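Structure file run.cif; described as mmCIF, C-alpha atoms.
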```cif
data_run
#
loop_
_atom_site.label_atom_id
_atom_site.label_comp_id
_atom_site.auth_asym_id
_atom_site.auth_seq_id
_atom_site.Cartn_x
_atom_site.Cartn_y
_atom_site.Cartn_z
CA MET A 15 -56.10 -59.44 -35.52
CA SER A 16 -55.47 -57.28 -32.48
CA GLU A 17 -54.46 -53.65 -32.62
CA LEU A 18 -50.94 -54.66 -31.59
CA ILE A 19 -50.48 -57.61 -33.99
CA ARG A 20 -51.61 -56.67 -37.48
CA ALA A 21 -51.02 -60.02 -39.24
CA GLU A 22 -49.07 -63.24 -38.92
CA ARG A 23 -48.46 -66.41 -40.89
CA ALA A 24 -45.94 -69.11 -41.62
CA LEU A 25 -43.61 -68.80 -44.59
CA GLY A 26 -41.92 -72.14 -45.09
CA ASP A 27 -39.99 -72.74 -41.88
CA PHE A 28 -40.14 -69.05 -40.95
CA HIS A 29 -42.83 -67.25 -38.98
CA LEU A 30 -43.85 -63.73 -39.96
CA THR A 31 -45.53 -61.30 -37.55
CA VAL A 32 -46.52 -57.79 -38.55
CA CYS A 33 -45.97 -55.74 -35.42
CA THR A 34 -46.81 -52.05 -35.28
CA ASP A 35 -45.73 -48.74 -33.85
CA GLY A 36 -49.39 -47.73 -34.16
CA ARG A 37 -50.88 -45.33 -36.65
CA ALA A 38 -49.57 -41.97 -37.75
CA LEU A 39 -51.40 -39.14 -39.47
CA PHE A 40 -49.85 -38.04 -42.77
CA ASP A 41 -51.12 -35.39 -45.14
CA GLY A 42 -53.24 -37.06 -47.81
CA GLY A 43 -51.83 -34.89 -50.56
CA ALA A 44 -48.28 -35.84 -49.58
CA MET A 45 -49.19 -39.53 -49.51
CA PHE A 46 -50.68 -39.45 -53.02
CA GLY A 47 -48.61 -36.79 -54.77
CA VAL A 48 -50.18 -35.50 -57.98
CA VAL A 49 -53.26 -37.72 -57.66
CA PRO A 50 -56.28 -35.43 -57.04
CA LYS A 51 -58.10 -35.72 -53.75
CA THR A 52 -61.30 -36.42 -55.68
CA LEU A 53 -59.71 -39.75 -56.64
CA TRP A 54 -57.78 -40.83 -53.55
CA SER A 55 -60.57 -39.84 -51.16
CA LYS A 56 -62.70 -42.59 -52.72
CA LYS A 57 -60.27 -45.11 -51.23
CA ILE A 58 -59.35 -43.55 -47.90
CA GLN A 59 -60.88 -40.77 -45.84
CA SER A 60 -59.01 -37.81 -44.39
CA ASP A 61 -59.70 -35.79 -41.26
CA GLU A 62 -60.49 -32.08 -41.12
CA GLN A 63 -56.77 -31.31 -41.48
CA ASN A 64 -56.50 -33.49 -44.62
CA ARG A 65 -54.56 -36.18 -42.72
CA ILE A 66 -55.03 -39.89 -43.33
CA ALA A 67 -54.39 -42.66 -40.80
CA THR A 68 -51.31 -44.57 -41.90
CA GLY A 69 -49.92 -47.75 -40.36
CA LEU A 70 -46.36 -48.08 -39.08
CA ASN A 71 -45.76 -51.76 -39.83
CA CYS A 72 -42.64 -53.47 -38.51
CA LEU A 73 -42.07 -57.05 -39.63
CA LEU A 74 -40.76 -59.63 -37.18
CA VAL A 75 -39.26 -62.68 -38.89
CA ARG A 76 -38.47 -65.69 -36.72
CA THR A 77 -36.24 -68.00 -38.76
CA GLY A 78 -35.48 -70.54 -36.03
CA ARG A 79 -31.92 -69.23 -35.86
CA HIS A 80 -32.49 -65.48 -35.82
CA ASN A 81 -35.13 -63.00 -34.72
CA VAL A 82 -35.10 -60.32 -37.42
CA LEU A 83 -36.96 -57.01 -37.17
CA ILE A 84 -37.55 -55.01 -40.34
CA GLU A 85 -38.24 -51.32 -39.56
CA THR A 86 -38.78 -49.80 -36.13
CA GLY A 87 -41.48 -47.15 -36.57
CA PHE A 88 -41.48 -43.54 -35.37
CA GLY A 89 -40.05 -44.23 -31.93
CA ASN A 90 -40.20 -41.93 -28.92
CA LYS A 91 -37.90 -39.04 -29.89
CA LEU A 92 -40.37 -36.67 -31.56
CA SER A 93 -41.06 -33.35 -29.87
CA PRO A 94 -44.49 -32.89 -28.25
CA LYS A 95 -45.52 -30.63 -31.15
CA LEU A 96 -44.57 -33.23 -33.77
CA ARG A 97 -46.26 -36.01 -31.79
CA GLU A 98 -49.45 -33.95 -31.92
CA ILE A 99 -49.13 -33.22 -35.64
CA TYR A 100 -48.51 -36.84 -36.58
CA GLY A 101 -50.60 -38.45 -33.86
CA THR A 102 -47.91 -40.99 -33.06
CA GLN A 103 -48.66 -43.77 -30.58
CA GLN A 104 -45.24 -45.32 -29.77
CA LEU A 105 -46.62 -48.87 -29.64
CA LEU A 106 -43.74 -50.98 -30.94
CA PRO A 107 -42.46 -52.14 -27.52
CA GLU A 108 -45.99 -53.24 -26.60
CA SER A 109 -46.48 -54.85 -29.99
CA LEU A 110 -43.29 -56.89 -29.70
CA ALA A 111 -44.32 -57.96 -26.20
CA ALA A 112 -47.67 -59.07 -27.59
CA ALA A 113 -45.73 -61.15 -30.12
CA GLY A 114 -43.88 -62.78 -27.24
CA ILE A 115 -40.46 -61.29 -27.82
CA SER A 116 -38.29 -58.89 -25.84
CA PRO A 117 -35.94 -56.24 -27.25
CA GLU A 118 -32.98 -58.28 -26.00
CA GLU A 119 -34.08 -61.23 -28.17
CA ILE A 120 -33.85 -59.31 -31.45
CA ASP A 121 -30.71 -60.42 -33.30
CA ILE A 122 -30.94 -58.33 -36.46
CA VAL A 123 -32.63 -55.00 -37.32
CA ILE A 124 -32.96 -53.95 -40.96
CA ASN A 125 -33.82 -50.38 -41.98
CA THR A 126 -34.99 -50.20 -45.59
CA HIS A 127 -34.13 -46.49 -45.49
CA LEU A 128 -33.56 -43.98 -42.72
CA HIS A 129 -36.69 -41.80 -42.77
CA TRP A 130 -37.74 -41.16 -39.20
CA ASP A 131 -40.95 -43.20 -39.45
CA HIS A 132 -38.96 -46.34 -40.34
CA CYS A 133 -36.08 -46.27 -37.85
CA GLY A 134 -37.29 -44.30 -34.83
CA TRP A 135 -37.12 -47.16 -32.32
CA ASN A 136 -33.59 -48.04 -33.40
CA THR A 137 -32.73 -46.09 -30.28
CA THR A 138 -34.67 -45.03 -27.20
CA LEU A 139 -34.72 -41.56 -25.65
CA HIS A 140 -34.62 -41.61 -21.86
CA PRO A 141 -35.91 -38.93 -19.43
CA ASP A 142 -32.36 -37.74 -18.73
CA GLY A 143 -31.87 -37.00 -22.44
CA SER A 144 -29.61 -39.96 -23.13
CA VAL A 145 -30.15 -42.22 -26.15
CA THR A 146 -29.38 -45.94 -26.11
CA PRO A 147 -29.94 -48.84 -28.54
CA THR A 148 -33.45 -50.24 -28.16
CA PHE A 149 -32.20 -53.67 -29.22
CA PRO A 150 -28.92 -54.04 -27.35
CA ASN A 151 -27.94 -57.42 -28.77
CA ALA A 152 -28.87 -56.72 -32.40
CA ARG A 153 -26.75 -56.05 -35.43
CA TYR A 154 -28.38 -53.19 -37.37
CA PHE A 155 -28.23 -52.86 -41.16
CA ALA A 156 -28.84 -49.76 -43.31
CA HIS A 157 -27.49 -48.40 -46.59
CA ARG A 158 -24.44 -46.15 -46.42
CA GLY A 159 -25.97 -43.75 -48.96
CA GLU A 160 -28.93 -43.17 -46.64
CA VAL A 161 -26.60 -42.09 -43.87
CA LEU A 162 -24.69 -39.76 -46.18
CA HIS A 163 -27.94 -38.25 -47.47
CA GLY A 164 -29.20 -37.81 -43.91
CA HIS A 165 -26.00 -36.05 -42.88
CA HIS A 166 -26.32 -33.71 -45.88
CA GLN A 167 -29.60 -32.35 -44.46
CA HIS A 168 -31.01 -31.32 -47.81
CA GLU A 169 -33.81 -28.78 -47.67
CA ARG A 170 -36.12 -31.19 -49.50
CA ASP A 171 -36.24 -33.84 -46.78
CA ALA A 172 -34.04 -32.85 -43.83
CA ILE A 173 -36.89 -33.28 -41.35
CA SER A 174 -37.14 -36.98 -42.21
CA TYR A 175 -33.57 -37.74 -41.09
CA ALA A 176 -32.79 -37.68 -37.37
CA SER A 177 -29.19 -38.58 -36.59
CA ALA A 178 -30.07 -39.94 -33.15
CA ASN A 179 -31.78 -42.84 -34.93
CA TYR A 180 -28.55 -44.11 -36.47
CA ASP A 181 -25.36 -42.18 -35.62
CA PRO A 182 -25.01 -43.62 -32.09
CA LEU A 183 -25.27 -47.11 -33.56
CA ILE A 184 -22.66 -46.38 -36.22
CA GLN A 185 -20.30 -44.84 -33.67
CA ALA A 186 -20.67 -47.88 -31.41
CA GLY A 187 -20.00 -50.27 -34.30
CA GLN A 188 -23.46 -51.80 -33.94
CA MET A 189 -24.75 -50.76 -37.38
CA THR A 190 -23.40 -52.31 -40.57
CA LEU A 191 -23.61 -49.97 -43.55
CA ILE A 192 -24.39 -51.65 -46.86
CA ASP A 193 -22.81 -50.03 -49.90
CA ASP A 194 -23.34 -50.53 -53.62
CA GLU A 195 -20.40 -52.93 -53.86
CA ARG A 196 -21.88 -55.15 -51.21
CA MET A 197 -25.24 -55.19 -53.01
CA THR A 198 -23.76 -57.87 -55.27
CA ALA A 199 -23.91 -60.16 -52.21
CA PRO A 200 -26.69 -58.60 -50.17
CA GLU A 201 -27.58 -61.48 -47.84
CA ILE A 202 -28.27 -60.44 -44.25
CA CYS A 203 -28.70 -63.98 -42.93
CA ASP A 204 -29.89 -67.31 -44.28
CA GLY A 205 -33.09 -66.71 -46.26
CA ILE A 206 -33.09 -62.90 -45.94
CA TRP A 207 -31.47 -60.43 -48.32
CA VAL A 208 -32.00 -56.89 -49.62
CA GLU A 209 -32.43 -55.36 -53.07
CA LEU A 210 -32.39 -51.73 -54.20
CA TYR A 211 -35.62 -50.23 -55.56
CA PRO A 212 -34.73 -46.52 -55.87
CA GLY A 213 -37.26 -43.74 -56.32
CA HIS A 214 -38.64 -42.93 -52.90
CA THR A 215 -35.01 -42.43 -51.89
CA GLU A 216 -31.94 -43.15 -53.97
CA GLN A 217 -31.04 -46.21 -51.90
CA LEU A 218 -34.44 -47.56 -50.88
CA MET A 219 -34.14 -51.27 -50.14
CA ALA A 220 -36.77 -53.98 -50.20
CA VAL A 221 -36.21 -57.06 -48.03
CA HIS A 222 -36.61 -60.54 -49.53
CA ILE A 223 -37.57 -63.41 -47.24
CA GLU A 224 -37.51 -66.98 -48.52
CA SER A 225 -37.96 -70.39 -46.91
CA ARG A 226 -38.74 -73.75 -48.52
CA GLY A 227 -39.68 -72.17 -51.82
CA GLU A 228 -42.06 -69.60 -50.32
CA HIS A 229 -41.12 -65.99 -50.93
CA ALA A 230 -42.19 -62.73 -49.28
CA VAL A 231 -40.98 -59.18 -49.83
CA PHE A 232 -41.20 -56.24 -47.46
CA VAL A 233 -41.48 -53.64 -50.24
CA SER A 234 -41.01 -50.57 -48.04
CA ASP A 235 -42.07 -47.26 -49.57
CA LEU A 236 -41.83 -48.57 -53.11
CA ILE A 237 -45.51 -49.44 -52.48
CA PRO A 238 -46.51 -47.99 -49.10
CA THR A 239 -50.12 -49.28 -49.09
CA ARG A 240 -52.49 -51.27 -51.28
CA HIS A 241 -53.82 -47.90 -52.49
CA HIS A 242 -50.44 -47.31 -54.16
CA LEU A 243 -50.51 -50.39 -56.39
CA ASP A 244 -51.54 -48.18 -59.30
CA LEU A 245 -48.27 -47.39 -61.05
CA SER A 246 -48.86 -43.64 -61.22
CA TRP A 247 -49.98 -43.21 -57.60
CA ALA A 248 -46.57 -42.18 -56.29
CA MET A 249 -46.10 -40.23 -53.07
CA GLY A 250 -45.21 -36.58 -52.89
CA PHE A 251 -42.42 -37.74 -50.58
CA ASP A 252 -40.73 -39.66 -53.43
CA LEU A 253 -37.52 -37.96 -54.51
CA ASP A 254 -37.85 -39.44 -58.02
CA PRO A 255 -41.47 -40.43 -58.74
CA ILE A 256 -40.70 -41.39 -62.34
CA ARG A 257 -38.14 -43.89 -61.07
CA THR A 258 -40.69 -45.17 -58.54
CA ILE A 259 -43.04 -46.03 -61.41
CA GLU A 260 -40.32 -47.91 -63.30
CA GLU A 261 -39.24 -49.81 -60.19
CA ARG A 262 -42.83 -50.80 -59.44
CA LYS A 263 -43.06 -52.24 -62.96
CA ARG A 264 -39.89 -54.22 -62.31
CA TYR A 265 -41.26 -55.49 -59.01
CA PHE A 266 -44.62 -56.53 -60.48
CA ALA A 267 -42.87 -58.35 -63.34
CA GLN A 268 -41.37 -60.70 -60.74
CA ALA A 269 -43.88 -60.67 -57.88
CA LEU A 270 -46.93 -61.71 -59.89
CA PRO A 271 -45.62 -64.73 -61.83
CA LYS A 272 -43.44 -65.90 -58.94
CA ARG A 273 -46.25 -65.40 -56.42
CA TRP A 274 -44.39 -63.27 -53.93
CA LEU A 275 -46.22 -62.32 -50.75
CA THR A 276 -46.11 -58.51 -50.64
CA ILE A 277 -45.81 -56.79 -47.27
CA PHE A 278 -46.64 -53.08 -47.12
CA PRO A 279 -45.02 -50.69 -44.61
CA HIS A 280 -47.97 -48.33 -44.13
CA ASP A 281 -51.18 -50.30 -44.71
CA HIS A 282 -52.68 -50.80 -41.26
CA GLU A 283 -55.69 -52.77 -42.50
CA LEU A 284 -54.01 -54.99 -45.12
CA PRO A 285 -50.34 -55.37 -44.19
CA MET A 286 -49.65 -58.37 -46.42
CA THR A 287 -51.22 -59.85 -49.52
CA TYR A 288 -50.56 -61.74 -52.71
CA LEU A 289 -51.09 -59.73 -55.87
CA LYS A 290 -53.00 -60.43 -59.09
CA GLN A 291 -54.15 -58.60 -62.20
CA ASP A 292 -57.85 -57.83 -62.53
CA GLU A 293 -59.88 -58.03 -65.73
CA ARG A 294 -58.56 -54.60 -66.77
CA GLY A 295 -54.94 -55.58 -66.19
CA ARG A 296 -54.54 -53.56 -63.01
CA VAL A 297 -52.49 -54.96 -60.14
CA VAL A 298 -54.73 -55.49 -57.12
CA PRO A 299 -54.70 -57.47 -53.86
CA GLU A 300 -55.67 -61.09 -54.33
#
```
Exercise: express the given structure as structure tokens:
Amino acid sequence: MSELIRAERALGDFHLTVCTDGRALFDGGAMFGVVPKTLWSKKIQSDEQNRIATGLNCLLVRTGRHNVLIETGFGNKLSPKLREIYGTQQLLPESLAAAGISPEEIDIVINTHLHWDHCGWNTTLHPDGSVTPTFPNARYFAHRGEVLHGHHQHERDAISYASANYDPLIQAGQMTLIDDERMTAPEICDGIWVELYPGHTEQLMAVHIESRGEHAVFVSDLIPTRHHLDLSWAMGFDLDPIRTIEERKRYFAQALPKRWLTIFPHDHELPMTYLKQDERGRVVPE
């Protein structure tokens, strides 16, 4: 695969393309929480500042009726200092072009949650300081609780919520906010629906994609990379790591026997894989 297209395949009548906003550099300790560096460094190397290269995967689903984009990366609104710290590349527009699609052709955008590395290209910052929707013809979807939490600006995670990524869309009526009542009928469009898997945030959503009996799930930060398949390897970013572990168990209980294709948000090298249990009962990529 090219640097701009990380993976692609058919899923029934749908076509999946893992586009990318490039790589970002996150602190290894934050990515692996209480797991000692002596363990996680055997799987992934860090730089001299203890940062690991982390993918910013954005899934394009072409259903034949809709062009659906799940996540939009870091975007272009970070300050120069933050761009240097995180090493952001701002590649999503180029990646979508490489996939043969323009921003105007995106019909639906789904944000699994509203951390800045998942919804940054929802809007575009222009040289004059104005902010406009990156996907002018799209209906955006996010959870109402994420917006409320972002507006609260809690000391624990305020930096991860940037109102320019979602408030202009809400004010313009372009973003639909999903609430807990609607989660009883969470279909976004034919073959695509969302499900809550709380832990990383209280309203983290995974996105189910199904066509002709084939099933894929964009798991979001429930399982950010293949290195997080171990139940106890939760991120330091998780607001409730104990809940993350329980929700991973619930996911595995369905994904393995039903053979769901799992799509990770932050694994640049292995964006999608089927899962299996090894001889020791551990969940691993197939």
From the set A:His132, A:Arg97, A:Arg153, A:Arg226, which residue has the shortest atom-to-atom contact distance to A:Thr34, counting only C-alpha atoms? A:His132
Do a neighbour search on stretch 298-300 of chain A at 10 Å with all atoms listed in the file, toss out local chain neighbours closer than 2 positions, and write the hits as a list of chain:residue names.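 Selected residues are A:Arg240, A:His241, A:His242, A:Leu243, A:Asp244, A:Thr276, A:Leu284, A:Met286, A:Thr287, A:Tyr288, A:Leu289, A:Lys290, A:Gln291, A:Asp292, A:Gly295, A:Arg296.
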What residues come out when you apply the PyMOL selection byres ((chain A and resi 203) around 10) to this file, written as a count of residues only? 13
Give the answer as one residue: which of A:Ala172, A:Ala111, A:Leu105, A:Ala269 has the shortest atom-to-atom distance to A:Glu228, using all atoms listed in the file?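 Once distances to A:Glu228 are computed over all atoms listed in the file, the minimum belongs to A:Ala269.
Comparing the minimum interatomic distances between A:Ala21 and each of A:Asp131, A:Glu98, A:Asp281, A:Glu118, counting all atoms listed in the file, we find that A:Asp281 sits nearest.
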Kindly extract all protein, DNA and RNA residues lying within 9 Å of the coordinates (-26.6, -51.7, -48.9) given in the file, considering only C-alpha atoms, and supply them as a PyMOL selection string. chain A and resi 155-159+190-197+200+208-210+217+219
Could you list, as a list in words, every residue within 12 Å of A:Ser116, counting all atoms listed in the file and ignoring same-chain residues fewer than 3 positions away? Leu74, Asn81, Leu83, Leu106, Pro107, Glu108, Ser109, Leu110, Ala111, Ala112, Ala113, Glu119, Ile120, Asp121, Thr148, Phe149, Pro150, Asn151 and Ala152 of chain A
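Between atom CA of A:Leu253 and atom CA of A:His214 lies a distance of 5.3 Å.
Interatomic distance, atom CA of A:Gln59 to atom CA of A:Trp247: 16.2 Å.
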If you apply the PyMOL selection byres ((chain A and resi 64-72) around 7) to this file, what residues do you get, as a ChimeraX atom specification? /A:32-42,59-63,73-74,83-87,279-282
Could you list, as a PyMOL selection string, every residue within 9 Å of A:Tyr265, counting only C-alpha atoms and ignoring same-chain residues fewer than 4 positions away? chain A and resi 211+233+260-261+269-270
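Shortest atom-to-atom contact with A:Gln103 among A:Asp252, A:Glu17, A:Asp142, A:Asp171: A:Glu17, counting all atoms listed in the file.
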Grab the atom CA of A:His165 to atom CA of A:Val145 distance for me, in Å with one decimal place.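 Atom CA of A:Val145 lies at a distance of 18.3 Å from atom CA of A:His165.
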Which residue, A:Lys263, A:His29, A:His129, A:His140, has the smallest gap to A:Ile173 when you use only C-alpha atoms? A:His129
Can you tell me, as an MDAnalysis selection string, what residues are no more than 8 Å from A:Gly164 when counting all atoms listed in the file, ignoring any on the same chain fewer than 6 positions away? chainID A and resid 128 172 175:177
Given the file shown, enumerate the residues that the PyMOL selection byres ((chain A and resi 274) around 6) captures and present them as a ChimeraX atom specification. /A:229-230,269,272-273,275
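For the residues A:Ile277, A:Gly26, A:Ile259, A:Met249, ranking by smallest atom-to-atom distance to A:Phe46 using only C-alpha atoms places A:Met249 first.
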Could you name the residues that touch A:Met45 at 8 Å or less, counting all atoms listed in the file, but leaving out those on the same chain fewer than 6 positions away, as a ChimeraX atom specification? /A:248-251
